[in-house]
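K.L.:
Take this structure, written in structure tokens, and hold onto it; I'll ask about it next.
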Amino acid sequence: MGTLSCCLLLTLALLIPQESASRKCDLQGLWRNELGSNMTLLALNTAGTFSGSYHTAVTATNKQILVSPLQGAQQHPGAKRHPTFGFTVQWQFSDSTTAFVGQCFVDRHGKETLETMWLLREEVPSHRDTWKATRIGTSIFTRIK
């Protein structure tokens, strides 16, 4: 193999990881978390807000799980490689709402993940029961499409 071929291969090997590492996260698409819940995020508008749908794989209710709408916003759309964002899900099958906050990351291989924390608030019959009305957790979403 000639010197030129070796230099070309070395240059390509060095550029490919940098190219994927410099890629910006894009929230739009289909995502799945570690519990098997699916989320579809639609394109950001110019203000950085977005909508979509969430189909949870887990619930604390006996009711049939329904796809639920979500609304959110991304901080500084298009300006950052690893943007922060937040969204709420209005559950269609229970008397609760969940707020997610997170950040989008792209690893050196170009794999995108959304690392989130969430608060779920469910309706309770009285102020005395408010102590049990809020749950907190984390979810990591990976891109499906």
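Identifiers in the structure tokens: chain A, B, ... in order shown; residue index from 1 per chain; ligand index from 1 in order shown.
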Would you mind listing what lies within 6 Å of Val89 in chain A as a list of chain:residue names, with only C-alpha atoms counted and same-chain residues fewer than 2 positions away left out?
P.N.:
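Residues meeting the cut-off are A:Pro69, A:Leu70, A:Trp91, A:Thr97, A:Thr98.
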K.L.:
Enumerate the residues of range 68-133 of chain A with a DSSP assignment of strand (DSSP E or B), computed from the backbone, and present them as a ChimeraX atom specification.
P.N.:
/A:68-74,84-90,96-106,112-122
K.L.:
What does the structure give for the distance between CA of Phe105 in chain A and CA of Arg81 in chain A, in Å to one decimal?
P.N.:
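Interatomic distance here is 7.7 Å.
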K.L.:
Excluding same-chain residues fewer than 6 positions from range 131-139 of chain A, what lies within 10 Å of it counting only C-alpha atoms, as a PyMOL selection string?
P.N.:
chain A and resi 32-35+37+96-102+114-125
K.L.:
What would the file look like if the residues just selected were written as a compact mmCIF listing (two decimals), in the first residue's frame with N, CA and C atoms?
P.N.:
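Now in again.txt:
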# COMPACT_ATOMS: atom_id res chain seq x y z
N ARG A 32 -37.57 5.49 22.00
CA ARG A 32 -38.04 4.45 22.92
C ARG A 32 -37.16 4.49 24.18
N ASN A 33 -37.81 4.35 25.35
CA ASN A 33 -37.03 4.33 26.59
C ASN A 33 -36.77 2.90 27.05
N GLU A 34 -36.07 2.78 28.16
CA GLU A 34 -35.64 1.47 28.67
C GLU A 34 -36.80 0.59 29.12
N LEU A 35 -37.99 1.15 29.32
CA LEU A 35 -39.16 0.38 29.73
C LEU A 35 -40.04 -0.02 28.54
N SER A 37 -41.51 2.28 26.42
CA SER A 37 -42.44 3.33 26.05
C SER A 37 -41.95 4.01 24.77
N SER A 96 -53.66 12.23 35.63
CA SER A 96 -52.30 12.64 35.98
C SER A 96 -51.63 13.34 34.80
N THR A 97 -50.58 14.05 35.13
CA THR A 97 -49.76 14.76 34.15
C THR A 97 -48.30 14.51 34.51
N THR A 98 -47.45 14.37 33.49
CA THR A 98 -46.02 14.18 33.75
C THR A 98 -45.23 15.28 33.06
N ALA A 99 -44.26 15.84 33.78
CA ALA A 99 -43.34 16.83 33.22
C ALA A 99 -41.95 16.19 33.11
N PHE A 100 -41.38 16.25 31.93
CA PHE A 100 -40.04 15.72 31.67
C PHE A 100 -39.10 16.89 31.41
N VAL A 101 -37.87 16.81 31.90
CA VAL A 101 -36.80 17.72 31.51
C VAL A 101 -35.59 16.87 31.15
N GLY A 102 -34.81 17.34 30.19
CA GLY A 102 -33.68 16.52 29.80
C GLY A 102 -32.71 17.22 28.89
N LEU A 114 -31.72 10.73 24.67
CA LEU A 114 -32.36 11.78 25.46
C LEU A 114 -32.32 11.32 26.91
N GLU A 115 -31.58 12.02 27.74
CA GLU A 115 -31.50 11.68 29.16
C GLU A 115 -32.44 12.60 29.91
N THR A 116 -33.45 12.01 30.57
CA THR A 116 -34.51 12.81 31.18
C THR A 116 -34.73 12.45 32.65
N MET A 117 -35.32 13.40 33.34
CA MET A 117 -35.90 13.19 34.67
C MET A 117 -37.36 13.60 34.53
N TRP A 118 -38.23 12.95 35.32
CA TRP A 118 -39.65 13.28 35.22
C TRP A 118 -40.30 13.35 36.59
N LEU A 119 -41.37 14.14 36.64
CA LEU A 119 -42.27 14.22 37.80
C LEU A 119 -43.66 13.90 37.31
N LEU A 120 -44.31 12.94 37.94
CA LEU A 120 -45.68 12.60 37.60
C LEU A 120 -46.55 13.02 38.78
N ARG A 121 -47.58 13.80 38.49
CA ARG A 121 -48.52 14.24 39.52
C ARG A 121 -49.88 13.66 39.19
N GLU A 122 -50.43 12.91 40.14
CA GLU A 122 -51.77 12.38 39.94
C GLU A 122 -52.75 13.08 40.85
N GLU A 123 -54.00 13.10 40.42
CA GLU A 123 -55.05 13.72 41.21
C GLU A 123 -55.31 12.88 42.45
N VAL A 124 -55.45 13.54 43.59
CA VAL A 124 -55.81 12.87 44.85
C VAL A 124 -57.08 13.52 45.39
N PRO A 125 -57.85 12.81 46.22
CA PRO A 125 -59.14 13.32 46.66
C PRO A 125 -59.09 14.50 47.62
K.L.:
Nearest residue to Phe85 in chain A out of A:Thr142, A:Val106, A:Ala57, A:Cys25, using only C-alpha atoms?
P.N.:
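Among the listed residues, the smallest separation from Phe85 in chain A belongs to A:Cys25.
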